[in-house]
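S.K.: Next comes the structure file structure_0.cif, holding mmCIF, C-alpha atoms.
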data_entry
#
loop_
_atom_site.label_atom_id
_atom_site.label_comp_id
_atom_site.auth_asym_id
_atom_site.auth_seq_id
_atom_site.Cartn_x
_atom_site.Cartn_y
_atom_site.Cartn_z
CA MET J 1 -26.02 55.60 22.25
CA ALA J 2 -24.79 55.08 18.73
CA ALA J 3 -22.40 57.84 17.76
CA ALA J 4 -23.61 59.78 14.76
CA THR J 5 -20.86 60.79 12.39
CA PHE J 6 -20.88 64.29 11.03
CA ASP J 7 -19.03 64.88 7.80
CA ALA J 8 -18.23 68.61 7.88
CA HIS J 9 -16.71 68.54 4.39
CA GLN J 10 -19.80 66.95 2.85
CA TYR J 11 -22.03 69.40 4.75
CA ALA J 12 -19.97 72.37 3.51
CA ARG J 13 -20.21 71.02 -0.06
CA ARG J 14 -24.00 70.81 0.21
CA LEU J 15 -24.13 74.38 1.52
CA ILE J 16 -21.96 75.60 -1.37
CA ASP J 17 -24.19 73.72 -3.82
CA ALA J 18 -27.17 75.48 -2.22
CA GLY J 19 -25.67 78.87 -2.85
CA PHE J 20 -23.57 79.68 0.23
CA SER J 21 -20.09 81.10 -0.25
CA SER J 22 -17.15 78.86 0.57
CA SER J 23 -16.29 80.83 3.72
CA GLN J 24 -19.93 80.80 4.90
CA ALA J 25 -20.18 77.07 4.28
CA ASP J 26 -16.93 76.43 6.16
CA VAL J 27 -18.08 78.46 9.18
CA LEU J 28 -21.49 76.79 9.22
CA ALA J 29 -19.95 73.32 8.87
CA GLU J 30 -17.44 74.00 11.64
CA THR J 31 -20.09 75.45 13.96
CA THR J 32 -22.53 72.63 13.23
CA GLY J 33 -19.76 70.10 13.94
CA GLU J 34 -19.07 71.75 17.29
CA ILE J 35 -22.78 71.71 18.14
CA MET J 36 -23.04 68.03 17.18
CA LEU J 37 -20.02 67.25 19.37
CA GLU J 38 -21.59 69.12 22.29
CA ILE J 39 -24.91 67.33 21.79
CA THR J 40 -23.08 63.99 21.79
CA SER J 41 -21.23 65.00 24.96
CA VAL J 42 -24.46 65.99 26.70
CA ALA J 43 -26.18 62.79 25.58
CA THR J 44 -23.29 60.73 26.98
CA ALA J 45 -23.48 62.62 30.28
CA VAL J 46 -27.25 62.03 30.42
CA GLU J 47 -26.76 58.31 29.77
CA LYS J 48 -24.18 58.09 32.57
CA LEU J 49 -26.47 59.95 34.94
CA GLU J 50 -29.39 57.74 33.97
CA SER J 51 -27.28 54.66 34.64
CA LYS J 52 -26.24 55.97 38.06
CA MET J 53 -29.82 56.88 38.91
CA THR J 54 -31.08 53.48 37.84
CA ALA J 55 -28.48 51.79 40.04
CA GLU J 56 -29.42 54.03 42.97
CA PHE J 57 -33.13 53.34 42.45
CA GLU J 58 -32.40 49.62 42.44
CA LYS J 59 -30.46 49.97 45.70
CA GLN J 60 -33.34 51.89 47.24
CA ARG J 61 -35.87 49.35 45.96
CA ALA J 62 -33.86 46.50 47.48
CA TYR J 63 -33.61 48.36 50.79
CA THR J 64 -37.34 49.13 50.77
CA ASP J 65 -38.17 45.50 49.98
CA LYS J 66 -35.96 44.40 52.88
CA VAL J 67 -37.61 46.83 55.31
CA VAL J 68 -41.09 45.81 54.16
CA ALA J 69 -40.22 42.13 54.66
CA GLU J 70 -38.89 42.89 58.16
CA LEU J 71 -42.04 44.84 59.01
CA ARG J 72 -44.27 42.04 57.75
CA GLN J 73 -42.32 39.55 59.87
CA ALA J 74 -42.61 41.80 62.93
CA MET J 75 -46.35 42.26 62.33
CA ALA J 76 -46.85 38.51 62.01
CA GLU J 77 -44.99 37.96 65.28
CA GLN J 78 -47.05 40.66 67.01
CA GLY J 79 -50.22 39.05 65.69
CA GLN J 80 -49.15 35.71 67.12
CA ASN J 81 -48.33 37.33 70.46
CA MET J 82 -51.73 39.04 70.53
CA MET J 83 -53.48 35.75 69.83
CA ARG J 84 -51.57 34.12 72.70
CA TRP J 85 -52.58 36.92 75.06
CA ILE J 86 -56.20 36.77 73.94
CA LEU J 87 -56.26 33.03 74.53
CA ILE J 88 -54.56 33.37 77.92
CA VAL J 89 -56.91 36.16 79.03
CA GLY J 90 -59.92 34.24 77.70
CA ALA J 91 -58.84 31.09 79.51
CA ALA J 92 -58.24 33.09 82.73
CA PHE J 93 -61.70 34.66 82.55
CA GLY J 94 -63.16 31.24 81.84
CA LEU J 95 -61.45 29.83 84.93
CA ILE J 96 -62.61 32.78 87.02
CA GLN J 97 -66.19 32.35 85.79
CA THR J 98 -66.04 28.62 86.46
CA GLY J 99 -64.68 29.29 89.94
CA LEU J 100 -67.35 31.88 90.69
CA LEU J 101 -70.14 29.65 89.37
CA THR J 102 -68.80 26.75 91.44
CA ALA J 103 -68.67 28.99 94.51
CA ILE J 104 -72.25 30.13 93.92
CA VAL J 105 -73.48 26.58 93.40
CA VAL J 106 -71.64 25.38 96.52
CA LYS J 107 -73.02 28.32 98.53
CA LEU J 108 -76.56 27.62 97.32
CA LEU J 109 -76.32 23.92 98.02
CA PHE J 110 -74.79 24.21 101.49
#
Before anything else, please render the file you have as structure tokens.
M.R.:
Amino acid sequence: MAAATFDAHQYARRLIDAGFSSSQADVLAETTGEIMLEITSVATAVEKLESKMTAEFEKQRAYTDKVVAELRQAMAEQGQNMMRWILIVGAAFGLIQTGLLTAIVVKLLF
């Protein structure tokens, strides 16, 4: 954040030119300067907090991306395992059917 400069003397002069007494202008300029300093301090604190939060969000995003990639890999492996089991079970049932049909044909023929 670009630091805004506050010229209390110039501000007091403008207040005097506008009709304020010298003591009123001095108090207003001093108080306004303190407020500006506090605003700048708060803005700096907000910027620091925003920076920390952004860094933390990036860490969380990286962690989430890693977990999602791991889950996708695990799901792909599970899908491959399921396909193997389906093929094995299908082949086993095919062999059983072939064996039963052969037994029926042999029984009918002999």
S.K.: Have a look at CA of Trp85 (chain J) and CA of Val105 (chain J) and let me know their distance in Å, one decimal.
M.R.: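 Separating CA of Trp85 (chain J) from CA of Val105 (chain J) is a distance of 29.7 Å.
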S.K.: For the atom pair CA of Ala103 (chain J) and CA of Val89 (chain J), what is the interatomic distance in Å to one decimal place?
M.R.: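 According to the coordinates, CA of Ala103 (chain J) and CA of Val89 (chain J) are separated by 20.7 Å.
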S.K.: Grab the CA of Thr32 (chain J) to CA of Ala8 (chain J) distance for me, in Å with one decimal place.
M.R.: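 Between CA of Thr32 (chain J) and CA of Ala8 (chain J) the gap works out to 8.0 Å.
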S.K.: Please identify all polymer residues within 9 Å of region 22-28 of chain J, counting all atoms listed in the file, omitting same-chain residues fewer than 2 positions from it, and present them as a ChimeraX atom specification.
M.R.: /J:8-9,11-16,20,30-33
S.K.: Suppose we keep C-alpha atoms; can you now write the selection as a PDB file, in the frame of the given file?
M.R.:
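Result file follows (selection_17.pdb):
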ATOM      1  CA  ALA J   8     -18.230  68.610   7.880  1.00  0.00           C
ATOM      2  CA  HIS J   9     -16.710  68.540   4.390  1.00  0.00           C
ATOM      3  CA  TYR J  11     -22.030  69.400   4.750  1.00  0.00           C
ATOM      4  CA  ALA J  12     -19.970  72.370   3.510  1.00  0.00           C
ATOM      5  CA  ARG J  13     -20.210  71.020  -0.060  1.00  0.00           C
ATOM      6  CA  ARG J  14     -24.000  70.810   0.210  1.00  0.00           C
ATOM      7  CA  LEU J  15     -24.130  74.380   1.520  1.00  0.00           C
ATOM      8  CA  ILE J  16     -21.960  75.600  -1.370  1.00  0.00           C
ATOM      9  CA  PHE J  20     -23.570  79.680   0.230  1.00  0.00           C
ATOM     10  CA  GLU J  30     -17.440  74.000  11.640  1.00  0.00           C
ATOM     11  CA  THR J  31     -20.090  75.450  13.960  1.00  0.00           C
ATOM     12  CA  THR J  32     -22.530  72.630  13.230  1.00  0.00           C
ATOM     13  CA  GLY J  33     -19.760  70.100  13.940  1.00  0.00           C
TER      14      GLY J  33
END
S.K.: Counting only C-alpha atoms, figure out which residue out of J:Met36, J:Leu101, J:Ile86, J:Leu71 gets nearest to Asp7 (chain J).
M.R.: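 Distance minimum relative to Asp7 (chain J) lands on J:Met36.
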S.K.: Give the answer as one residue: which of J:Phe6, J:Phe110, J:Ile96, J:Arg84 has the shortest atom-to-atom distance to Glu34 (chain J), using all atoms listed in the file?
M.R.: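 Closest candidate: J:Phe6.
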